[in-house]
>>> print(open('data.cif').read())   # mmCIF, C-alpha atoms
data_upload
#
loop_
_atom_site.label_atom_id
_atom_site.label_comp_id
_atom_site.auth_asym_id
_atom_site.auth_seq_id
_atom_site.Cartn_x
_atom_site.Cartn_y
_atom_site.Cartn_z
CA MET A 6 -38.68 -3.93 20.38
CA THR A 7 -35.97 -6.06 18.88
CA SER A 8 -32.51 -4.77 18.23
CA THR A 9 -29.81 -6.48 16.30
CA ALA A 10 -26.20 -6.04 17.15
CA GLU A 11 -23.85 -5.55 14.26
CA ALA A 12 -20.91 -7.89 14.07
CA PRO A 13 -17.67 -6.14 14.95
CA THR A 14 -15.68 -5.06 11.92
CA ARG A 15 -12.34 -6.81 11.69
CA THR A 16 -9.48 -4.61 10.63
CA ARG A 17 -7.06 -6.01 8.08
CA ASP A 18 -3.50 -5.93 9.42
CA PRO A 19 -0.88 -4.94 6.80
CA ARG A 20 1.89 -6.67 8.76
CA VAL A 21 0.00 -9.99 8.85
CA ILE A 22 -0.93 -9.62 5.17
CA LEU A 23 2.66 -8.95 4.13
CA ASN A 24 4.10 -11.83 6.14
CA ALA A 25 1.47 -14.21 4.74
CA LEU A 26 3.02 -13.72 1.29
CA GLU A 27 6.34 -15.24 2.34
CA GLY A 28 5.69 -18.58 0.65
CA ARG A 29 4.99 -16.76 -2.63
CA VAL A 30 8.39 -15.03 -2.81
CA PRO A 31 11.08 -17.73 -2.91
CA GLN A 32 13.24 -15.41 -5.04
CA LEU A 33 14.05 -13.16 -2.07
CA VAL A 34 17.36 -13.63 -0.32
CA ALA A 35 16.34 -15.30 2.93
CA ASP A 36 19.27 -14.44 5.18
CA VAL A 37 19.31 -10.64 5.22
CA GLY A 38 19.08 -10.08 8.96
CA ALA A 39 15.31 -9.70 8.99
CA ASP A 40 12.95 -12.13 10.70
CA ASP A 41 10.09 -11.70 8.24
CA LEU A 42 8.94 -9.74 5.18
CA TRP A 43 7.59 -6.88 7.27
CA GLU A 44 10.95 -6.37 8.97
CA ARG A 45 12.74 -6.65 5.61
CA GLU A 46 10.65 -3.86 4.06
CA VAL A 47 10.91 -1.65 7.15
CA GLN A 48 14.70 -2.03 7.11
CA LEU A 49 14.78 -1.12 3.41
CA LEU A 50 12.73 2.01 4.11
CA LEU A 51 15.09 2.93 6.95
CA ARG A 52 18.08 2.36 4.68
CA ASP A 53 16.78 4.47 1.81
CA SER A 54 14.20 7.07 2.74
CA VAL A 55 12.75 7.19 6.25
CA ALA A 56 14.78 8.16 9.32
CA VAL A 57 12.48 6.92 12.10
CA ARG A 58 11.34 3.30 12.55
CA SER A 59 7.83 4.09 13.79
CA LEU A 60 7.25 6.34 10.77
CA ALA A 61 8.64 3.69 8.40
CA GLU A 62 6.16 1.16 9.82
CA ARG A 63 3.25 3.58 9.46
CA ILE A 64 4.18 4.46 5.87
CA LEU A 65 4.66 0.80 4.92
CA GLY A 66 1.32 -0.20 6.44
CA GLN A 67 -0.56 2.52 4.57
CA GLY A 68 1.26 1.68 1.33
CA ILE A 69 0.19 -1.94 1.65
CA ALA A 70 -3.40 -0.92 2.41
CA TYR A 71 -3.42 1.31 -0.67
CA LEU A 72 -1.99 -1.33 -3.02
CA ILE A 73 -4.42 -4.02 -1.92
CA THR A 74 -7.38 -1.66 -2.08
CA ALA A 75 -6.35 -0.52 -5.58
CA MET A 76 -6.03 -4.12 -6.71
CA GLU A 77 -9.34 -5.16 -5.18
CA ASN A 78 -11.14 -2.18 -6.71
CA PRO A 79 -10.10 -2.07 -10.37
CA GLY A 80 -11.17 0.98 -12.30
CA VAL A 81 -11.75 3.08 -9.16
CA ASP A 82 -9.96 6.45 -9.25
CA MET A 83 -7.46 6.40 -6.38
CA GLY A 84 -4.24 8.14 -5.42
CA VAL A 85 -1.90 8.78 -2.53
CA GLY A 86 0.09 11.76 -1.33
CA LYS A 87 3.88 11.92 -1.28
CA THR A 88 4.24 10.37 2.16
CA VAL A 89 2.20 7.19 1.66
CA ASP A 90 3.65 6.89 -1.85
CA ILE A 91 7.01 6.09 -0.23
CA GLY A 92 5.49 2.86 1.13
CA VAL A 93 3.81 2.07 -2.19
CA HIS A 94 7.12 2.44 -4.02
CA GLN A 95 8.91 0.29 -1.46
CA ILE A 96 6.68 -2.66 -2.29
CA ILE A 97 6.83 -2.05 -6.06
CA LEU A 98 10.64 -1.80 -6.02
CA ASP A 99 10.96 -5.16 -4.27
CA THR A 100 9.73 -6.85 -7.44
CA PRO A 101 9.42 -10.46 -6.24
CA LEU A 102 7.25 -9.20 -3.39
CA TYR A 103 5.21 -6.94 -5.69
CA PHE A 104 4.60 -9.86 -8.06
CA ALA A 105 3.34 -11.87 -5.07
CA PHE A 106 0.94 -9.01 -4.23
CA CYS A 107 -0.32 -8.99 -7.81
CA ASP A 108 -0.71 -12.75 -7.77
CA GLN A 109 -2.66 -12.74 -4.51
CA TYR A 110 -4.74 -9.56 -4.81
CA ASN A 111 -4.96 -8.82 -8.53
CA GLY A 112 -5.93 -12.23 -9.86
CA GLY A 113 -2.40 -13.07 -10.92
CA ASN A 114 -2.23 -10.06 -13.22
CA TYR A 115 0.48 -7.44 -12.97
CA LYS A 116 -0.91 -4.05 -11.89
CA HIS A 117 1.05 -1.32 -13.59
CA HIS A 118 2.33 1.76 -11.83
CA ALA A 119 2.06 4.51 -14.44
CA PRO A 120 2.28 8.01 -12.94
CA LEU A 121 1.42 11.26 -14.65
CA ILE A 122 3.87 14.17 -14.47
CA LYS A 123 1.64 16.73 -12.74
CA ARG A 124 0.21 16.11 -9.29
CA ARG A 125 -3.55 16.18 -8.90
CA ARG A 126 -5.20 18.53 -6.44
CA ASP A 127 -8.78 17.34 -6.64
CA GLY A 128 -9.45 15.65 -3.29
CA THR A 129 -8.39 12.20 -4.46
CA VAL A 130 -6.12 11.59 -1.46
CA MET A 131 -8.83 11.76 1.19
CA ARG A 132 -11.37 9.94 -1.00
CA THR A 133 -8.77 7.18 -1.30
CA ALA A 134 -8.25 7.09 2.47
CA ASP A 135 -12.02 6.69 2.89
CA LEU A 136 -12.07 3.82 0.38
CA ILE A 137 -9.18 2.12 2.20
CA SER A 138 -11.12 2.36 5.44
CA LYS A 139 -14.19 0.86 3.78
CA ASN A 140 -11.94 -1.94 2.50
CA GLY A 141 -11.19 -2.98 6.09
CA PHE A 142 -7.93 -1.18 6.83
CA GLU A 143 -7.18 1.26 9.61
CA VAL A 144 -6.33 4.63 8.09
CA ASP A 145 -3.48 6.68 9.53
CA THR A 146 -5.28 9.99 9.07
CA GLU A 147 -2.22 12.06 9.91
CA LEU A 148 -0.24 10.57 7.01
CA TRP A 149 -3.07 11.00 4.53
CA ALA A 150 -4.06 14.50 5.65
CA SER A 151 -0.47 15.76 5.45
CA ASP A 152 -0.64 15.43 1.65
CA GLU A 153 -4.37 15.72 1.10
CA SER A 154 -4.10 18.53 -1.44
CA ASP A 155 -1.15 17.02 -3.32
CA CYS A 156 -2.10 13.65 -4.78
CA SER A 157 0.37 11.38 -6.48
CA PRO A 158 -0.06 11.72 -10.22
CA CYS A 159 -1.53 8.31 -11.01
CA ASP A 160 -4.38 7.69 -13.37
CA GLU A 161 -5.89 5.14 -15.75
CA LYS A 162 -3.33 5.74 -18.52
CA VAL A 163 -2.38 2.10 -18.79
CA PRO A 164 -4.91 -0.71 -18.43
CA ASP A 165 -5.09 -1.83 -14.79
CA SER A 166 -2.73 0.85 -13.52
CA HIS A 167 -2.68 2.74 -10.25
#
>>> encode(input="data.cif", output="structure tokens")
Amino acid sequence: MTSTAEAPTRTRDPRVILNALEGRVPQLVADVGADDLWEREVQLLLRDSVAVRSLAERILGQGIAYLITAMENPGVDMGVGKTVDIGVHQIILDTPLYFAFCDQYNGGNYKHHAPLIKRRRDGTVMRTADLISKNGFEVDTELWASDESDCSPCDEKVPDSH
């Protein structure tokens, strides 16, 4: 009997991915007291919306995983809960960085963020977490499950939106 061993799955690291974009964002102010892009975004989260560093890092990592998965899977119905959406918005609000994401992961095309008013309660959050896992990212189940019945109100209202 012959058995074949499967190659180990390599997990994509949001911190490594974010820092690899540094050369694509010359518009950012370089001397802001942060060693790299990851630290910059974590500090911005701590300044504006998240009180604990470890939580800011978790939220940022899941936001990055979501954005890349959405960009690499156009037309797939996806959405996040309120918690992970904080990380998504952090990247989008830092526009030079978001443009670099679009350039790298969306074929150079801008991916719109066009939310609906009402939140969806149709299981989208956990289906999205599963898709992110299949796309090679580690899923922070606690963050996704905390909002699993309250999806961010995103949809395909605008071409190539999330």
>>> resolve_selection(input="data.cif", expression="the PyMOL selection byres ((chain A and resi 65) around 12)", output="PyMOL selection string")
chain A and resi 18-20+22-23+42-51+54-55+58-64+66-72+88-97+145+148
>>> closest_residue(input="data.cif", among="A:Ile73, A:Val21, A:Ala150, A:Ala39", to="Gly128 of chain A", atoms="all atoms listed in the file")
A:Ala150
>>> resolve_selection(input="data.cif", expression="the PyMOL selection byres ((chain A and resi 107) around 12)", output="PyMOL selection string")
chain A and resi 26+29-30+69+72-77+96-97+100-106+108-118+165-166
>>> residues_around(input="data.cif", residues="Arg17 of chain A", least_positions_apart="6", cutoff="8 Å", atoms="only C-alpha atoms", output="ChimeraX atom specification")
/A:141-143
>>> atom_distance(input="data.cif", atom1="atom CA of Asp82 of chain A", atom2="atom CA of Ala25 of chain A")
27.4 Å
>>> atom_distance(input="data.cif", atom1="atom CA of Pro31 of chain A", atom2="atom CA of Arg52 of chain A")
22.6 Å
>>> atom_distance(input="data.cif", atom1="atom CA of Glu27 of chain A", atom2="atom CA of Asp41 of chain A")
7.8 Å
